[in-house]
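Visitor: I am attaching a structure below and will ask some questions about it afterwards.
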Number of protein chains: 2
Amino acid sequence: MKTRQDFEALDTADKLRALKKQFVLPPGVIYLDGNSLGAMPAATAERTRQVVEDEWGVGLIRSWNDANWIDLPARIGDKIARLVGAGKGEVIVADSTSLNLYKVMSAALEQVKAQSPDSQRRLIVSERENFPTDLYIAQSLAQQHGFTLKLIDSSDELPAVLDEQLAVLMLTQVNYRSGRVLDMQAITAQAHAAGVLVVWDLSHSAGAIPVDLLAANADFAVGCGYKYLNGGPGAPAFVWVNPRHADKCSQPLSGWLGHSAPFAFTTDYQPAPGIKRYICGTPSVISMAALECGVDTLLAAEPLGGMAALRQKSLDLTNAFITLVDERLAAEFGVRVASPRDPALRGSQVSLALAEEMDGDAYAAVQALIARGVIGDYRAGKPNLLRFGFTPLYLGFAEVWDAVEHLVQVLRGKEYLQPRFQKQGAVT
Amino acid sequence: MKTRQDFEALDTADKLRALKKQFVLPPGVIYLDGNSLGAMPAATAERTRQVVEDEWGVGLIRSWNDANWIDLPARIGDKIARLVGAGKGEVIVADSTSLNLYKVMSAALEQVKAQSPDSQRRLIVSERENFPTDLYIAQSLAQQHGFTLKLIDSSDELPAVLDEQLAVLMLTQVNYRSGRVLDMQAITAQAHAAGVLVVWDLSHSAGAIPVDLLAANADFAVGCGYKYLNGGPGAPAFVWVNPRHADKCSQPLSGWLGHSAPFAFTTDYQPAPGIKRYICGTPSVISMAALECGVDTLLAAEPLGGMAALRQKSLDLTNAFITLVDERLAAEFGVRVASPRDPALRGSQVSLALAEEMDGDAYAAVQALIARGVIGDYRAGKPNLLRFGFTPLYLGFAEVWDAVEHLVQVLRGKEYLQPRFQKQGAVT
């Protein structure tokens, strides 16, 4: 059995440990929820002050040019591109993940309809366990465009659905509940062989695992700015379109800043070349500035091995956590690892299921942990899950040890039965 | 002829003068561009610091409940409702004006199609001079839904288009170039009499003139957060739907936070009751917090007479400006007021056209003024315009005098001919 000293030794040997200094975290907190909302980079406080007080307060309207506000969507997009294997000029930051998904799904469906107007390809397939906003957006577009949305229970069913009926496969690479990773390269290749377009949601993979959109020859991708990219609550999202589609497809959210000449103020919409047509309205400058600081914390890892090094540390962290759960929580409390045990199939999170008879206590158990300073979250479902994100940028091994120790004490002391932990907030 | 002393006396008598203390403006600047980007409220610096460093940095994910982040769209919406004559629970803040327009236009078109599937009503009408993003969004939706977008050259043509072919009239109450105001109540009544729905864009009216959506019995409205609401660059926008439509219409940007039970994580989209279904993705918290400070600067005028008092001061300011332009710029330089002279038809801005032979110098003239600290903006068109916004919250009468004096000097000294003022930025 490992000891806390063993975990401290891992921290000492950790070559990425210095990256933690980029963040401000409250004392006494072990933050295992960077998969839901990334921690605050130290630089963000000064940068948001600067954009508010100097650029807006003093520069006023002039800052659209003088502070290059107008370039923020493309400039931050180029930085994110380095994290997801995309090229310069291929990614822009805009709006929310839901909205960007609406844009790319619309473009994909239009492309299918244009290329084969009489085709049988009128099906969209996704996973039942995909994050709900993806399903809601696909549902809306399927109805609008006369397509059918079919949900599969597992990616094992993929080979069976890749046929001449299928138009678009819409998948999230890392599942939000279980943390399971799909093989982007293999699935994209299989889909293309069947004439199917693939839309990837990278919300739980960008900044969490190495992603190589161009190597996978993917079609479209979107992702979230406030999880592993540390962009702040509700940060803007990003969107990527393979250059082979970018000028071919239009998208229906045709706001003025996606126009090829927005300041000509013409009456007819002419989409900008390339990815810029995926911009819609005026960018949210303060939120974008905060996002840029978050993305920069990941780029700071580039001299230390970049996403590959971060991925290795993430796996070391989640492997260590799983080992401790097996050793200390499985037999005594019946806690089960609900994420894939194969590291290759696991993102940067581990979800736990309580013993069946304790399933209804999962929410309260998370609250009891939070009261102890161990912040994870709860995701309803079958079973209900305790979800823990392991962000290699700011998490250490001793913290993993301490988190498990706290969970042991919550379960042993039945702290989750305390009434104060039962009351559910608006957000779970 | 009036003197600067006369204008100083107007400032001394101004009962709203104390409201200016709510803002931080750089010394030496006369800011006449609050119609494009409102000035920074002093409270915003501390509030954004708090939301970043305390709520995000310390509260982390817990702040969705503990700091009520989840309530921001509705809470700020309720505040904006007080400025536009809407009821509590009828307005939410979300996304951009373009996106909110897409939502309400979609809802309006769906409603027309549902109510009269075989109807001849397949026309959308707007003004050619409407802000381009409105036209681009309408163009996209017209194509999607099989409608035709028809542009009229002037609101004088409205009576002629209000017939059984027309489905939706989409108008911006205050024109972005000329500042001309449309009579919301009269036009809405005429449209309803013809069985036509009306979508109002309040981008240049919310916070600029009194608006009474409920008294006008309007159908749908959207508006901008970063102009007269002082929400900061690219601030989130707002959307209002008349309660008689709110539960009847759906909107296609069906993100998870518009769901009736987002944290149940179900696979089927069930729109939230009322206006909340117009929320899409996760709200941009930092930008929303900044917007709330901006809206609060307008609510601070409520004990002093509210929007009616602000409107009176705004008219006093624009009347004073027009008088000075007539006295000092018309005869000598051929400068012409391009905004309505009738105060009832004019928003909170005045646009000027240079003499015909100087039309090509309008951009450089604005730059020469900016170099002197008088910040207005330029809008391309026929003719090109120098556009000046007069924000009664933070503008005084002596500043109006000084702005005109600077313009006299720019024109008399032909400063606009200097090469440094010719070079156009990305944003005009």
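In the structure tokens, chains take letters A, B, ... by order of appearance, with residues numbered from 1 within each chain and ligands from 1 in the order shown.
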At a cut-off of 7 Å, which residues of chain A touch chain B? Count only C-alpha atoms and give the answer as a PyMOL selection string.

Guide: chain A and resi 24-26+37+39-40+45+49+52-53+56-58+60-61+64-65+95-99+128+132-133+135-137+140+233-235+252-256+263-269+281-287+380+425-428

Visitor: As a ChimeraX atom specification, please: the residues near A:Phe321 (cut-off 12 Å, only C-alpha atoms, same-chain neighbours under 5 positions excluded).

Guide: /A:2,7,32,314-316,326-329,337,339,341,348-352,388-390,396-405,407

Visitor: Pick out the residues sitting within 10 Å of A:Met170, and hand them over as a compact mmCIF listing (two decimals) with N, CA and C atoms, in the first residue's frame; count only C-alpha atoms, and ignore anything fewer than 3 positions along from it in its own chain.

Guide:
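The new file selection.txt reads:
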```
# COMPACT_ATOMS: atom_id res chain seq x y z
N LEU A 101 -21.92 24.89 -32.08
CA LEU A 101 -22.40 23.60 -32.57
C LEU A 101 -23.54 23.80 -33.57
N MET A 105 -23.14 22.31 -37.24
CA MET A 105 -24.12 21.29 -37.63
C MET A 105 -24.96 21.79 -38.80
N ILE A 124 -28.96 11.91 -38.53
CA ILE A 124 -27.88 12.39 -37.66
C ILE A 124 -27.77 11.35 -36.54
N VAL A 125 -26.56 10.93 -36.24
CA VAL A 125 -26.39 9.98 -35.13
C VAL A 125 -25.54 10.61 -34.04
N SER A 126 -25.96 10.42 -32.80
CA SER A 126 -25.13 10.80 -31.68
C SER A 126 -25.32 9.77 -30.57
N GLU A 127 -24.61 10.00 -29.47
CA GLU A 127 -24.74 9.07 -28.34
C GLU A 127 -25.78 9.58 -27.35
N ASN A 130 -24.31 11.67 -24.74
CA ASN A 130 -23.66 12.93 -25.11
C ASN A 130 -24.18 14.03 -24.19
N ASP A 134 -25.75 19.32 -26.77
CA ASP A 134 -25.45 18.83 -28.12
C ASP A 134 -26.69 18.17 -28.73
N LEU A 135 -27.34 17.36 -27.90
CA LEU A 135 -28.53 16.66 -28.40
C LEU A 135 -29.66 17.65 -28.68
N ALA A 138 -28.93 19.43 -31.94
CA ALA A 138 -29.12 18.52 -33.07
C ALA A 138 -30.61 18.25 -33.31
N LEU A 149 -32.84 12.48 -35.87
CA LEU A 149 -31.74 12.30 -34.91
C LEU A 149 -31.89 10.94 -34.25
N ALA A 167 -25.95 10.95 -42.48
CA ALA A 167 -25.36 12.18 -43.01
C ALA A 167 -24.24 12.68 -42.09
N GLN A 173 -15.80 14.01 -27.88
CA GLN A 173 -14.65 13.10 -27.80
C GLN A 173 -14.49 12.50 -26.41
N LEU A 197 -20.03 12.77 -42.65
CA LEU A 197 -19.30 13.87 -42.02
C LEU A 197 -19.31 13.69 -40.50
N VAL A 198 -18.23 14.15 -39.84
CA VAL A 198 -18.18 14.02 -38.38
C VAL A 198 -17.98 15.39 -37.74
N VAL A 199 -18.82 15.69 -36.77
CA VAL A 199 -18.70 16.91 -35.97
C VAL A 199 -18.26 16.50 -34.58
N TRP A 200 -17.12 17.05 -34.15
CA TRP A 200 -16.56 16.69 -32.85
C TRP A 200 -16.75 17.83 -31.84
N ASP A 201 -17.24 17.49 -30.68
CA ASP A 201 -17.28 18.42 -29.56
C ASP A 201 -16.08 18.12 -28.66
N PHE A 220 -15.49 19.07 -38.68
CA PHE A 220 -15.87 20.25 -37.91
C PHE A 220 -15.61 19.95 -36.43
N ALA A 221 -15.30 21.01 -35.67
CA ALA A 221 -15.13 20.82 -34.23
C ALA A 221 -15.51 22.10 -33.49
```

Visitor: Write out as a list in words the residues lying within 8 Å of A:Arg121, counting only C-alpha atoms and excluding same-chain residues fewer than 6 positions away.

Guide: Val112, Glu164, Gln165, Leu166 and Ala167 of chain A

Visitor: One decimal, Å: what's the distance from atom CA of B:Glu415 over to atom CA of B:Ser178, could you say?

Guide: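 Distance between the two atoms: 24.9 Å.
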
Visitor: What residues in stretch 138-300 of chain A get the DSSP label alpha helix (DSSP H)? Please answer as a PyMOL selection string.

Guide: chain A and resi 138-145+158-161+184-193+243-246+285-299

Visitor: For C-alpha atoms, I'd like the residues from the last selection saved as a tab-separated table (two decimals), in the first residue's frame.

Guide:
```
chain	number	residue	atom	x	y	z
A	138	ALA	CA	-29.12	18.52	-33.07
A	139	GLN	CA	-32.80	17.91	-32.31
A	140	SER	CA	-33.66	21.46	-33.31
A	141	LEU	CA	-31.67	21.27	-36.54
A	142	ALA	CA	-32.96	17.81	-37.45
A	143	GLN	CA	-36.49	19.14	-37.21
A	144	GLN	CA	-35.67	22.26	-39.24
A	145	HIS	CA	-33.89	20.42	-42.02
A	158	LEU	CA	-21.02	2.88	-34.54
A	159	PRO	CA	-20.04	0.35	-37.21
A	160	ALA	CA	-23.69	-0.61	-37.58
A	161	VAL	CA	-24.90	2.95	-38.20
A	184	MET	CA	-11.07	10.53	-33.15
A	185	GLN	CA	-8.75	9.36	-35.88
A	186	ALA	CA	-10.20	5.86	-36.27
A	187	ILE	CA	-13.85	6.93	-36.05
A	188	THR	CA	-13.36	9.81	-38.48
A	189	ALA	CA	-11.69	7.48	-40.98
A	190	GLN	CA	-14.48	4.91	-40.67
A	191	ALA	CA	-17.10	7.64	-41.08
A	192	HIS	CA	-15.42	9.10	-44.14
A	193	ALA	CA	-15.17	5.66	-45.70
A	243	PRO	CA	-10.11	24.25	-44.53
A	244	ARG	CA	-11.54	21.96	-47.21
A	245	HIS	CA	-15.05	22.86	-45.95
A	246	ALA	CA	-14.48	26.38	-44.67
A	285	VAL	CA	-14.17	41.67	-25.17
A	286	ILE	CA	-13.77	41.36	-21.39
A	287	SER	CA	-14.60	37.64	-21.44
A	288	MET	CA	-12.30	37.11	-24.42
A	289	ALA	CA	-9.40	38.79	-22.64
A	290	ALA	CA	-9.92	36.47	-19.67
A	291	LEU	CA	-10.05	33.46	-21.97
A	292	GLU	CA	-6.74	34.42	-23.53
A	293	CYS	CA	-5.06	34.31	-20.11
A	294	GLY	CA	-6.49	30.83	-19.57
A	295	VAL	CA	-5.25	29.53	-22.91
A	296	ASP	CA	-1.82	31.01	-22.19
A	297	THR	CA	-1.50	28.80	-19.07
A	298	LEU	CA	-1.59	25.77	-21.37
A	299	LEU	CA	0.79	27.23	-23.93
```

Visitor: Just list as an NGL selection string whatever in stretch 129-193 of chain A DSSP marks as strand (DSSP E).

Guide: :A and (148-152 or 166-172)

Visitor: Keeping only C-alpha atoms, write the selected residues to a file as an mmCIF file, in the first residue's frame.

Guide:
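After the write, result_11.cif holds the following:
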```
data_model
loop_
_atom_site.group_PDB
_atom_site.id
_atom_site.type_symbol
_atom_site.label_atom_id
_atom_site.label_comp_id
_atom_site.auth_asym_id
_atom_site.auth_seq_id
_atom_site.Cartn_x
_atom_site.Cartn_y
_atom_site.Cartn_z
ATOM 1 C CA THR A 148 -33.874 12.369 -38.018
ATOM 2 C CA LEU A 149 -31.739 12.303 -34.906
ATOM 3 C CA LYS A 150 -30.912 8.765 -33.830
ATOM 4 C CA LEU A 151 -29.236 8.108 -30.485
ATOM 5 C CA ILE A 152 -27.037 5.095 -29.921
ATOM 6 C CA LEU A 166 -26.198 8.540 -42.255
ATOM 7 C CA ALA A 167 -25.357 12.184 -43.007
ATOM 8 C CA VAL A 168 -23.620 13.466 -39.908
ATOM 9 C CA LEU A 169 -22.076 11.789 -36.907
ATOM 10 C CA MET A 170 -21.994 14.182 -33.953
ATOM 11 C CA LEU A 171 -19.766 13.034 -31.118
ATOM 12 C CA THR A 172 -18.161 14.428 -28.006
#
```

Visitor: Pick from A:Ala309, A:Ile92, A:Gly373, A:Gly87: nearest to A:Lys276, with only C-alpha atoms counted?

Guide: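 For A:Lys276, the nearest of the candidates is A:Ile92.
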
Visitor: Just want the 12 Å neighbourhood of B:Leu310, counted on only C-alpha atoms, with same-chain residues fewer than 4 positions away dropped. Output as JSON, numbers by chain.

Guide: {"B": [14, 15, 16, 17, 19, 83, 206, 207, 208, 209, 210, 228, 297, 298, 299, 300, 301, 302, 303, 304, 305, 306, 314, 315, 316, 317, 347, 348, 390, 391, 392, 393, 394, 395]}
